[in-house]
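Q: Below is the file my_file-v2.csv, which contains CSV, C-alpha atoms and all ligand atoms.
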chain,number,residue,atom,x,y,z
A,896,MET,CA,0.0,0.0,0.0
A,897,ASP,CA,1.2,3.5,-0.7
A,898,ASN,CA,2.5,5.5,2.2
A,899,LEU,CA,0.4,8.7,2.1
A,900,VAL,CA,-3.1,8.7,3.7
A,901,MET,CA,-5.5,7.3,1.1
A,902,PRO,CA,-8.7,9.2,0.4
A,903,ARG,CA,-11.8,7.1,1.3
A,904,GLU,CA,-12.4,4.6,-1.4
A,905,GLN,CA,-15.9,3.4,-2.3
A,906,LEU,CA,-16.3,0.2,-0.4
A,907,GLY,CA,-17.8,-1.9,-3.2
A,908,VAL,CA,-14.6,-1.6,-5.2
A,909,CYS,CA,-12.6,-4.0,-3.1
A,910,ALA,CA,-15.4,-5.8,-1.1
A,911,GLU,CA,-15.5,-9.5,-0.8
A,912,GLY,CA,-18.2,-11.5,-2.7
A,913,ASN,CA,-21.9,-11.4,-1.9
A,914,LEU,CA,-25.0,-13.5,-2.6
A,915,HIS,CA,-26.8,-10.9,-4.8
A,916,SER,CA,-26.1,-7.9,-7.0
A,917,VAL,CA,-27.8,-5.2,-9.0
A,918,TYR,CA,-26.2,-3.4,-11.9
A,919,LEU,CA,-27.7,-0.2,-13.0
A,920,MET,CA,-26.5,1.5,-16.2
A,921,PHE,CA,-27.6,5.1,-16.8
A,922,ASN,CA,-27.2,7.8,-19.4
A,923,ALA,CA,-27.3,11.4,-18.3
A,924,ASN,CA,-29.8,13.9,-19.7
A,925,ASP,CA,-28.4,16.9,-21.5
A,926,GLY,CA,-27.0,19.8,-19.6
A,927,VAL,CA,-27.6,18.4,-16.1
A,928,GLU,CA,-23.9,18.3,-15.0
A,929,SER,CA,-24.1,20.9,-12.3
A,930,GLN,CA,-26.9,19.1,-10.6
A,931,LEU,CA,-25.5,15.7,-11.3
A,932,ARG,CA,-22.1,16.3,-9.6
A,933,PRO,CA,-23.7,16.8,-6.1
A,934,CYS,CA,-26.2,14.0,-6.8
A,935,VAL,CA,-23.5,11.5,-7.7
A,936,ALA,CA,-21.6,12.4,-4.5
A,937,ASN,CA,-24.8,12.0,-2.4
A,938,VAL,CA,-25.6,8.6,-3.9
A,939,ALA,CA,-22.0,7.4,-3.3
A,940,GLN,CA,-22.1,8.7,0.3
A,941,TYR,CA,-25.5,7.1,0.8
A,942,ILE,CA,-24.2,3.7,-0.4
A,943,TYR,CA,-21.1,4.2,1.9
A,944,GLU,CA,-23.3,4.8,5.0
A,945,LEU,CA,-25.6,1.9,4.2
A,946,ALA,CA,-22.6,-0.4,4.4
A,947,ASP,CA,-22.6,0.3,8.1
A,948,GLN,CA,-26.4,0.1,8.5
A,949,TYR,CA,-26.6,-3.2,6.7
A,950,ALA,CA,-23.2,-4.6,7.8
A,951,ASP,CA,-24.9,-7.9,8.8
A,952,SER,CA,-25.9,-8.4,5.2
A,953,ALA,CA,-22.5,-7.2,3.9
A,954,PHE,CA,-24.1,-4.5,1.8
A,955,ASN,CA,-21.7,-2.6,-0.4
A,956,GLY,CA,-21.5,-0.7,-3.7
A,957,PHE,CA,-20.0,2.0,-5.8
A,958,VAL,CA,-20.8,4.6,-8.4
A,959,ALA,CA,-18.6,4.9,-11.5
A,960,ILE,CA,-18.4,7.5,-14.3
A,961,GLY,CA,-18.3,6.4,-18.0
A,962,ALA,CA,-15.1,7.1,-19.9
A,963,ASN,CA,-17.0,9.1,-22.6
A,964,TYR,CA,-18.9,11.1,-20.0
A,965,TRP,CA,-16.0,12.0,-17.6
A,966,ASP,CA,-15.1,15.3,-19.3
A,967,SER,CA,-18.7,16.5,-19.4
A,968,LEU,CA,-19.1,15.8,-15.7
A,969,TYR,CA,-15.7,16.8,-14.3
A,970,GLY,CA,-14.0,18.8,-16.9
A,971,GLU,CA,-10.8,18.0,-18.7
A,972,ARG,CA,-8.7,16.8,-15.7
A,973,ARG,CA,-9.2,13.1,-16.0
A,974,PRO,CA,-7.6,9.9,-14.6
A,975,SER,CA,-4.5,9.3,-16.7
A,976,GLU,CA,-5.5,5.9,-18.1
A,977,LEU,CA,-9.2,6.5,-18.5
A,978,LYS,CA,-10.2,5.8,-22.1
A,979,PRO,CA,-13.1,4.2,-23.9
A,980,PHE,CA,-13.5,0.4,-23.8
A,981,PRO,CA,-10.9,-1.3,-26.0
A,982,ALA,CA,-13.2,-3.0,-28.5
A,983,MET,CA,-11.6,-6.0,-30.2
A,984,HIS,CA,-12.5,-8.4,-32.9
A,985,ALA,CA,-10.7,-11.4,-34.4
A,986,ASP,CA,-12.4,-14.1,-36.6
A,987,ASN,CA,-15.7,-14.9,-34.7
A,988,ARG,CA,-14.4,-13.6,-31.4
A,989,ASP,CA,-15.9,-10.2,-30.5
A,990,ALA,CA,-15.4,-7.8,-27.6
A,991,PRO,CA,-17.7,-4.9,-28.6
A,992,ALA,CA,-17.8,-1.5,-26.9
A,993,HIS,CA,-21.1,-0.3,-25.4
A,994,GLU,CA,-20.6,2.7,-23.2
A,995,TYR,CA,-22.8,4.2,-20.5
A,996,ASP,CA,-22.5,7.5,-18.6
A,997,LEU,CA,-23.0,6.1,-15.1
A,998,PHE,CA,-22.7,2.7,-13.5
A,999,VAL,CA,-24.1,1.9,-10.0
A,1000,HIS,CA,-22.9,-1.4,-8.7
A,1001,LEU,CA,-24.8,-2.7,-5.6
A,1002,ARG,CA,-24.2,-5.9,-3.8
A,1003,CYS,CA,-25.7,-7.5,-0.6
A,1004,ASP,CA,-26.5,-10.9,0.9
A,1005,ARG,CA,-30.1,-9.8,1.1
A,1006,TYR,CA,-32.1,-9.4,-2.1
A,1007,ASP,CA,-34.8,-7.2,-0.5
A,1008,ILE,CA,-32.3,-4.7,0.8
A,1009,LEU,CA,-30.7,-4.5,-2.7
A,1010,HIS,CA,-34.1,-3.9,-4.3
A,1011,LEU,CA,-34.9,-1.2,-1.7
A,1012,VAL,CA,-31.6,0.6,-2.3
A,1013,ALA,CA,-31.8,0.3,-6.1
A,1014,ASN,CA,-35.2,2.0,-5.9
A,1015,GLU,CA,-33.8,4.7,-3.7
A,1016,VAL,CA,-30.9,5.4,-5.9
A,1017,CYS,CA,-33.1,5.6,-9.0
A,1018,GLN,CA,-35.2,8.1,-7.1
A,1019,MET,CA,-32.2,10.2,-6.1
A,1020,PHE,CA,-31.2,10.4,-9.8
A,1021,GLU,CA,-34.7,11.1,-11.1
A,1022,ASP,CA,-35.0,13.7,-13.8
A,1023,LEU,CA,-31.2,13.8,-14.3
A,1024,VAL,CA,-30.6,10.4,-15.9
A,1025,GLU,CA,-32.3,7.6,-17.8
A,1026,LEU,CA,-31.9,4.0,-16.7
A,1027,VAL,CA,-30.8,2.2,-19.9
A,1028,ASP,CA,-29.9,-1.2,-18.6
A,1029,GLU,CA,-30.4,-3.2,-15.5
A,1030,GLU,CA,-29.1,-6.7,-14.6
A,1031,ARG,CA,-29.2,-8.7,-11.4
A,1032,GLY,CA,-26.5,-11.1,-10.4
A,1033,PHE,CA,-26.5,-14.0,-8.0
A,1034,GLN,CA,-24.0,-16.3,-6.4
A,1035,PHE,CA,-24.2,-19.8,-8.0
A,1036,MET,CA,-23.1,-23.0,-6.3
A,1037,ASP,CA,-20.1,-22.1,-4.2
A,1038,THR,CA,-19.1,-19.1,-6.3
A,1039,ARG,CA,-19.1,-21.0,-9.5
A,1040,ASP,CA,-19.6,-19.4,-12.9
A,1041,LEU,CA,-22.6,-20.9,-14.9
A,1042,THR,CA,-20.0,-23.1,-16.8
A,1043,GLY,CA,-19.7,-24.9,-13.4
A,1044,PHE,CA,-16.2,-23.8,-12.7
A,1045,VAL,CA,-15.3,-21.9,-9.5
A,1046,ASP,CA,-14.6,-18.3,-10.4
A,1047,GLY,CA,-12.4,-15.9,-8.4
A,1048,THR,CA,-10.0,-18.4,-6.9
A,1049,GLU,CA,-6.9,-16.5,-8.0
A,1050,ASN,CA,-8.2,-13.1,-7.1
A,1051,PRO,CA,-6.0,-10.9,-4.9
A,1052,LYS,CA,-6.6,-11.5,-1.2
A,1053,GLY,CA,-6.7,-9.3,2.0
A,1054,ARG,CA,-5.0,-5.9,1.8
A,1055,HIS,CA,-3.5,-6.9,-1.5
A,1056,ARG,CA,-6.9,-6.3,-3.1
A,1057,GLN,CA,-6.5,-2.5,-2.4
A,1058,ASP,CA,-2.9,-2.6,-3.8
A,1059,VAL,CA,-4.3,-4.1,-7.1
A,1060,ALA,CA,-7.5,-2.1,-7.3
A,1061,LEU,CA,-6.8,1.4,-6.1
A,1062,VAL,CA,-4.9,4.2,-7.8
A,1063,GLY,CA,-2.0,5.3,-5.6
A,1064,ASP,CA,0.9,7.7,-5.9
A,1065,GLU,CA,1.2,7.3,-9.6
A,1066,ASP,CA,-1.8,9.6,-10.2
A,1067,GLU,CA,-2.0,11.7,-7.0
A,1068,TYR,CA,-5.2,13.6,-7.9
A,1069,PHE,CA,-7.2,10.4,-8.4
A,1070,ARG,CA,-5.8,8.4,-5.5
A,1071,GLY,CA,-8.2,5.9,-4.1
A,1072,GLY,CA,-10.2,5.6,-7.3
A,1073,SER,CA,-10.3,2.6,-9.6
A,1074,TYR,CA,-10.6,1.8,-13.3
A,1075,ILE,CA,-13.7,-0.4,-14.0
A,1076,HIS,CA,-14.3,-2.6,-17.0
A,1077,VAL,CA,-17.6,-4.4,-17.5
A,1078,GLN,CA,-18.5,-7.0,-20.0
A,1079,LYS,CA,-21.9,-8.8,-20.1
A,1080,PHE,CA,-21.1,-12.3,-21.4
A,1081,ALA,CA,-23.9,-14.5,-22.6
A,1082,HIS,CA,-23.0,-18.2,-22.4
A,1083,ASN,CA,-24.0,-20.8,-24.9
A,1084,LEU,CA,-24.6,-23.4,-22.2
A,1085,SER,CA,-26.1,-26.1,-24.3
A,1086,LYS,CA,-22.9,-26.1,-26.5
A,1087,TRP,CA,-20.7,-26.0,-23.3
A,1088,ASN,CA,-22.6,-28.7,-21.6
A,1089,ARG,CA,-22.2,-31.1,-24.5
A,1090,LEU,CA,-18.4,-31.0,-24.0
A,1091,PRO,CA,-16.9,-33.8,-22.0
A,1092,GLN,CA,-15.7,-32.6,-18.6
A,1093,LYS,CA,-12.0,-33.1,-19.5
A,1094,LYS,CA,-12.4,-30.9,-22.5
A,1095,GLN,CA,-14.0,-28.2,-20.4
A,1096,GLU,CA,-11.2,-28.5,-17.9
A,1097,ASP,CA,-8.6,-28.1,-20.7
A,1098,ILE,CA,-10.4,-24.9,-21.8
A,1099,ILE,CA,-10.3,-23.4,-18.3
A,1100,GLY,CA,-6.9,-24.8,-17.2
A,1101,ARG,CA,-8.3,-26.1,-13.8
A,1102,THR,CA,-10.3,-29.2,-12.7
A,1103,LYS,CA,-14.0,-28.7,-12.5
A,1104,ILE,CA,-15.1,-30.3,-9.3
A,1105,ASP,CA,-12.1,-29.8,-7.0
A,1106,ASN,CA,-10.9,-26.6,-8.7
A,1107,ILE,CA,-7.3,-27.6,-8.9
A,1108,GLU,CA,-5.0,-25.6,-11.2
A,1109,TYR,CA,-3.3,-27.7,-13.9
A,1110,ALA,CA,0.4,-28.1,-13.7
A,1111,SER,CA,2.2,-25.5,-15.8
A,1112,GLU,CA,3.3,-28.1,-18.4
A,1113,ASP,CA,-0.2,-29.5,-18.7
A,1114,LYS,CA,-1.9,-26.1,-19.3
A,1115,PRO,CA,-2.9,-25.8,-23.0
A,1116,LEU,CA,-1.8,-22.5,-24.6
A,1117,THR,CA,-5.5,-21.9,-25.5
A,1118,SER,CA,-6.7,-22.3,-21.9
A,1119,HIS,CA,-8.3,-19.3,-20.2
A,1120,ILE,CA,-5.9,-19.1,-17.3
A,1121,LYS,CA,-2.9,-19.4,-19.6
A,1122,ARG,CA,-4.2,-16.6,-21.8
A,1123,VAL,CA,-4.9,-14.2,-18.8
A,1124,ASN,CA,-1.9,-15.0,-16.6
A,1125,LEU,CA,0.4,-12.3,-17.9
A,1126,LYS,CA,3.7,-10.7,-16.8
A,1127,ASP,CA,4.9,-7.1,-17.5
A,1128,ALA,CA,8.3,-6.2,-18.9
A,1129,ASP,CA,9.9,-6.5,-15.5
A,1130,GLY,CA,8.5,-10.1,-15.0
A,1131,LYS,CA,5.9,-8.9,-12.5
A,1132,SER,CA,2.4,-10.4,-12.6
A,1133,MET,CA,-0.2,-8.2,-14.1
A,1134,GLU,CA,-3.2,-8.4,-11.8
A,1135,ILE,CA,-6.8,-7.3,-11.7
A,1136,LEU,CA,-9.5,-7.8,-9.1
A,1137,ARG,CA,-12.5,-9.5,-10.5
A,1138,GLN,CA,-15.9,-8.7,-9.1
A,1139,SER,CA,-17.9,-10.8,-11.6
A,1140,MET,CA,-21.1,-12.7,-10.8
A,1141,PRO,CA,-23.5,-14.9,-12.9
A,1142,TYR,CA,-26.7,-13.2,-14.1
A,1143,GLY,CA,-29.7,-14.0,-16.2
A,1144,SER,CA,-32.7,-16.0,-16.9
A,1145,MET,CA,-33.7,-19.0,-19.0
A,1146,LYS,CA,-33.7,-16.7,-22.0
A,1147,GLU,CA,-30.2,-15.3,-21.6
A,1148,GLN,CA,-27.6,-16.0,-19.0
A,1149,GLY,CA,-23.9,-15.8,-18.4
A,1150,LEU,CA,-21.3,-13.7,-16.5
A,1151,MET,CA,-21.3,-10.0,-15.6
A,1152,PHE,CA,-17.6,-9.8,-15.8
A,1153,ILE,CA,-16.2,-6.8,-13.8
A,1154,SER,CA,-12.6,-5.9,-13.5
A,1155,VAL,CA,-11.4,-3.3,-11.0
A,1156,CYS,CA,-7.8,-2.2,-11.2
A,1157,ARG,CA,-5.4,0.7,-10.4
A,1158,ASN,CA,-4.6,0.9,-14.1
A,1159,SER,CA,-6.5,0.1,-17.3
A,1160,VAL,CA,-3.6,-1.6,-19.2
A,1161,ASN,CA,-3.8,-4.9,-17.3
A,1162,PHE,CA,-7.4,-5.6,-18.3
A,1163,GLU,CA,-6.7,-4.5,-21.9
A,1164,LYS,CA,-3.7,-6.8,-22.3
A,1165,MET,CA,-5.6,-9.8,-20.9
A,1166,LEU,CA,-8.5,-9.2,-23.2
A,1167,HIS,CA,-6.2,-8.8,-26.1
A,1168,SER,CA,-4.5,-12.1,-25.2
A,1169,MET,CA,-7.9,-13.8,-25.0
A,1170,ILE,CA,-9.2,-12.5,-28.3
A,1171,HIS,CA,-6.1,-12.1,-30.5
A,1172,GLY,CA,-4.0,-14.8,-28.7
A,1173,ASP,CA,-0.3,-15.0,-28.3
A,1174,GLY,CA,0.6,-14.2,-31.9
A,1175,GLU,CA,1.1,-17.9,-32.7
A,1176,GLY,CA,-2.5,-18.8,-33.2
A,1177,ASN,CA,-3.4,-19.5,-29.5
A,1178,HIS,CA,-6.5,-17.6,-28.5
A,1179,ASP,CA,-8.8,-18.3,-25.5
A,1180,HIS,CA,-11.0,-21.3,-26.4
A,1181,LEU,CA,-13.5,-20.2,-23.7
A,1182,MET,CA,-14.5,-17.5,-26.3
A,1183,HIS,CA,-16.1,-20.3,-28.4
A,1184,PHE,CA,-18.8,-20.8,-25.7
A,1185,THR,CA,-19.6,-17.3,-24.7
A,1186,GLN,CA,-20.3,-14.0,-26.4
A,1187,ALA,CA,-19.6,-10.5,-25.0
A,1188,LEU,CA,-22.7,-8.4,-25.5
A,1189,THR,CA,-21.4,-5.2,-24.0
A,1190,GLY,CA,-18.0,-3.6,-23.0
A,1191,SER,CA,-17.9,-0.5,-20.9
A,1192,ALA,CA,-15.1,1.5,-19.3
A,1193,PHE,CA,-15.6,3.6,-16.1
A,1194,PHE,CA,-13.7,5.2,-13.3
A,1195,ALA,CA,-15.0,4.9,-9.7
A,1196,PRO,CA,-13.5,8.0,-8.0
A,1197,SER,CA,-12.8,8.1,-4.2
A,1198,LEU,CA,-15.6,9.5,-2.0
A,1199,ASP,CA,-13.4,12.5,-1.2
A,1200,PHE,CA,-13.0,13.3,-4.9
A,1201,MET,CA,-16.7,13.3,-5.5
A,1202,ALA,CA,-17.5,15.4,-2.4
A,1203,ARG,CA,-14.8,17.9,-3.4
A,1204,GLU,CA,-16.2,18.3,-6.9
A,1205,ALA,CA,-19.8,18.4,-5.8
A,1206,ASP,CA,-20.1,22.2,-5.6
B,1,LIG,C1,-9.6,-16.9,-14.0
B,1,LIG,C2,-14.0,-17.7,-15.8
B,1,LIG,C3,-13.6,-13.7,-18.5
B,1,LIG,C4,-9.4,-12.7,-16.3
B,1,LIG,C5,-10.8,-17.5,-14.3
B,1,LIG,C6,-11.2,-18.8,-13.8
B,1,LIG,C7,-12.4,-19.0,-14.3
B,1,LIG,C8,-12.8,-17.9,-15.1
B,1,LIG,C9,-13.3,-20.2,-14.1
B,1,LIG,C10,-10.4,-19.7,-12.9
B,1,LIG,C11,-10.6,-19.5,-11.4
B,1,LIG,C12,-10.1,-18.2,-10.9
B,1,LIG,O1,-8.9,-18.0,-10.6
B,1,LIG,O2,-10.9,-17.3,-10.8
B,1,LIG,C13,-14.2,-16.7,-16.7
B,1,LIG,C14,-15.4,-16.6,-17.5
B,1,LIG,C15,-15.3,-15.5,-18.3
B,1,LIG,C16,-14.0,-14.9,-18.0
B,1,LIG,C17,-16.6,-17.6,-17.5
B,1,LIG,C18,-16.2,-14.9,-19.3
B,1,LIG,C19,-17.2,-15.5,-19.9
B,1,LIG,C20,-12.4,-13.1,-18.2
B,1,LIG,C21,-11.9,-11.9,-18.7
B,1,LIG,C22,-10.7,-11.6,-18.1
B,1,LIG,C23,-10.5,-12.6,-17.2
B,1,LIG,C24,-12.7,-11.0,-19.8
B,1,LIG,C25,-9.8,-10.4,-18.3
B,1,LIG,C26,-9.8,-9.7,-19.4
B,1,LIG,C27,-9.1,-13.7,-15.5
B,1,LIG,C28,-7.9,-13.8,-14.6
B,1,LIG,C29,-8.0,-15.0,-13.9
B,1,LIG,C30,-9.2,-15.7,-14.4
B,1,LIG,C31,-6.9,-12.7,-14.4
B,1,LIG,C32,-7.0,-15.5,-12.9
B,1,LIG,C33,-5.9,-16.3,-13.7
B,1,LIG,C34,-4.8,-16.9,-12.8
B,1,LIG,O3,-4.1,-16.1,-12.2
B,1,LIG,O4,-4.8,-18.1,-12.6
B,1,LIG,N1,-11.7,-17.0,-15.1
B,1,LIG,N2,-13.4,-15.6,-17.0
B,1,LIG,N3,-11.5,-13.5,-17.2
B,1,LIG,N4,-9.8,-14.9,-15.3
B,1,LIG,FE1,-11.6,-15.3,-16.2
Translate this structure into structure tokens?
A:
Amino acid sequence: MDNLVMPREQLGVCAEGNLHSVYLMFNANDGVESQLRPCVANVAQYIYELADQYADSAFNGFVAIGANYWDSLYGERRPSELKPFPAMHADNRDAPAHEYDLFVHLRCDRYDILHLVANEVCQMFEDLVELVDEERGFQFMDTRDLTGFVDGTENPKGRHRQDVALVGDEDEYFRGGSYIHVQKFAHNLSKWNRLPQKKQEDIIGRTKIDNIEYASEDKPLTSHIKRVNLKDADGKSMEILRQSMPYGSMKEQGLMFISVCRNSVNFEKMLHSMIHGDGEGNHDHLMHFTQALTGSAFFAPSLDFMAREAD
């Protein structure tokens, strides 16, 4: 952790997993920025305070500002790595961009509290924004993705979550904030479930039931964990904190993939490695069984930043 005192982060950025989630995507009405700045700060503060009130149900959340809307809301001083979602395409593998102005991420172990707070948040924003998308996530079978594999095992743990997720000294003005990337993946489960278990395991790079990582020499170059386990030029692991959860209904279901990180390059390099591969024809074979429907980039500023910019 960096040495200087960190501004207060939004608690949902680094929170541990929950049973339920609500994802609200908004676009702002024209010309409302001077009203929206204090409103965004109030919503974030409200969510922060509810984390205490509903501590028994582990309530948490955050508000994030879309990459394309940042300048309208806060002027030209922007987080140094904030840019639109890095849309990518190769053969039939697609990572499209679909941007929103605001993202409210709410999670809790009680569904009724989430519903109550989501209503309250929408009311606080009323007349300033339009709700353009909503999704609800849930914990599935011991934190498994709908493919049946445990998701989140190699996530950073304890204080290291903050190290990975929160901007530090490198961008002083935006300390305590976080780059957020969201992709709604719709799985083709009937295709996936027709695969023999060993083939599924080769695609992930871990065993299904016991969630054991393959030995390095056994990991196919096309396996998901091989493709996303990257090192930087100094040989240091490039990490992100994943806050993903399964979502959906019988009509459409999959993973709301959410990356939070102190930079945006780690996510972008991983996605590039999944879609374009390693330059030798090895892309991520998980992509044959799921399709990214959206791709959005946001920044979740610290509470102190939002309060400061409110007036
Ligand atoms: C690991 C599923 C998309 C980054 C994993 C694991 C599973 C999984 C089952 C292994 C267990 C674990 O460590 O969590 C999925 C599914 C996805 C998806 C179902 C979408 C349909 C992505 C994307 C990225 C990503 C888009 C980044 C661009 C990672 C990372 C790990 C991981 C960094 C940990 C690798 C390691 O250190 O072993 N994912 N993932 N995943 N995934 Fe994904």
Q: For region 929-945 of chain A, work out the shell of residues within 6 Å, counting all atoms listed in the file and skipping chain neighbours fewer than 2 positions away, then give it as a PyMOL selection string.
A: chain A and resi 927+947-949+958+1201-1202+1205
Q: Show me, as a ChimeraX atom specification, the residues that have an atom within 12 Å of Val999 (chain A) when counting only C-alpha atoms, minus same-chain residues fewer than 4 positions from it.
A: /A:905,907-908,916-922,935,938-939,942,955-961,995,1009,1012-1017,1020,1026-1031,1075,1077,1193-1195
Q: Work out how far CA of Gly1190 (chain A) is from CA of Pro991 (chain A), in Å to one decimal.
A: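 That distance, rounded to one decimal, is 5.8 Å.
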Q: List as number ranges by chain the protein and nucleic acid residues near Phe954 (chain A), meaning an atom at most 6 Å away when only C-alpha atoms are counted, but skip any in the same chain fewer than 6 places from it.
A: A: 946, 1002-1003
Q: One number please: CA of Lys1131 (chain A) to CA of Val900 (chain A), in Å, one decimal.
A: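 Separation between CA of Lys1131 (chain A) and CA of Val900 (chain A): 25.6 Å.
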Q: Dump the neighbourhood of ligand LIG 1 (chain B) as a list of chain:residue names: all residues within 7 Å, distances computed on all atoms listed in the file.
A: A:Asp1040, A:Thr1042, A:Phe1044, A:Val1045, A:Asp1046, A:Gly1047, A:Thr1048, A:Glu1049, A:Asn1050, A:Phe1080, A:His1082, A:Ile1099, A:Arg1101, A:His1119, A:Ile1120, A:Val1123, A:Asn1124, A:Glu1134, A:Ile1135, A:Gly1149, A:Leu1150, A:Phe1152, A:Phe1162, A:Glu1163, A:Met1165, A:Leu1166, A:Thr1185
Q: Please identify all polymer residues within 9 Å of Glu1147 (chain A), counting all atoms listed in the file, omitting same-chain residues fewer than 5 positions from it, and present them as a PyMOL selection string.
A: chain A and resi 1081-1083+1142
Q: I need the residues from that last selection saved to file as a tab-separated table (two decimals), keeping the file's coordinate frame (with C-alpha atoms), if you can.
A:
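File written: part.tsv
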chain	number	residue	atom	x	y	z
A	1081	ALA	CA	-23.90	-14.50	-22.60
A	1082	HIS	CA	-23.00	-18.20	-22.40
A	1083	ASN	CA	-24.00	-20.80	-24.90
A	1142	TYR	CA	-26.70	-13.20	-14.10
Q: Under the rule that all atoms listed in the file are counted, which of A:Ala962, A:Leu1023, A:Leu977, A:Leu1136 is the nearest residue to Asp996 (chain A)?
A: A:Ala962
Q: Give me the residues within 7 Å of Cys909 (chain A) as a PDB file with C-alpha atoms, keeping the file's coordinate frame, counting all atoms listed in the file and dropping any in the same chain fewer than 3 places off.
A:
ATOM      1  CA  LEU A 906     -16.300   0.200  -0.400  1.00  0.00           C
ATOM      2  CA  ARG A1056      -6.900  -6.300  -3.100  1.00  0.00           C
ATOM      3  CA  GLN A1057      -6.500  -2.500  -2.400  1.00  0.00           C
ATOM      4  CA  ALA A1060      -7.500  -2.100  -7.300  1.00  0.00           C
TER       5      ALA A1060
END
Q: Between A:Leu1041, A:Ala950, A:Val1160, A:Ile1008, single out the one closest to Gly1143 (chain A), counting all atoms listed in the file.
A: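 Using all atoms listed in the file, Gly1143 (chain A) sits closest to A:Leu1041.
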Q: Using all atoms listed in the file, which residue out of A:Gln1148, A:Asp1037, A:Ala985, A:His1171 lies closest to Leu1084 (chain A)?
A: A:Gln1148
Q: CA of His915 (chain A) to CA of Phe1033 (chain A): how many Å, to one decimal?
A: 4.5 Å
Q: Counting only C-alpha atoms, find residues at most 6 Å from (-16.7, -3.8, -27.1) (file frame) and give them as a PyMOL selection string.
A: chain A and resi 982+990-993+1189-1190
Q: Deliver the residues from the most recent selection as a file, using C-alpha atoms, as a PDB file, keeping the file's coordinate frame.
A:
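Once written, part-v1.pdb looks like this:
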ATOM      1  CA  ALA A 982     -13.200  -3.000 -28.500  1.00  0.00           C
ATOM      2  CA  ALA A 990     -15.400  -7.800 -27.600  1.00  0.00           C
ATOM      3  CA  PRO A 991     -17.700  -4.900 -28.600  1.00  0.00           C
ATOM      4  CA  ALA A 992     -17.800  -1.500 -26.900  1.00  0.00           C
ATOM      5  CA  HIS A 993     -21.100  -0.300 -25.400  1.00  0.00           C
ATOM      6  CA  THR A1189     -21.400  -5.200 -24.000  1.00  0.00           C
ATOM      7  CA  GLY A1190     -18.000  -3.600 -23.000  1.00  0.00           C
TER       8      GLY A1190
END
Q: Nearest to Met1151 (chain A): which of A:Gly970, A:Gly1032, A:Pro902, A:Pro981 is it, counting all atoms listed in the file?
A: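 Between A:Gly970, A:Gly1032, A:Pro902, A:Pro981, the residue approaching Met1151 (chain A) most closely is A:Gly1032.
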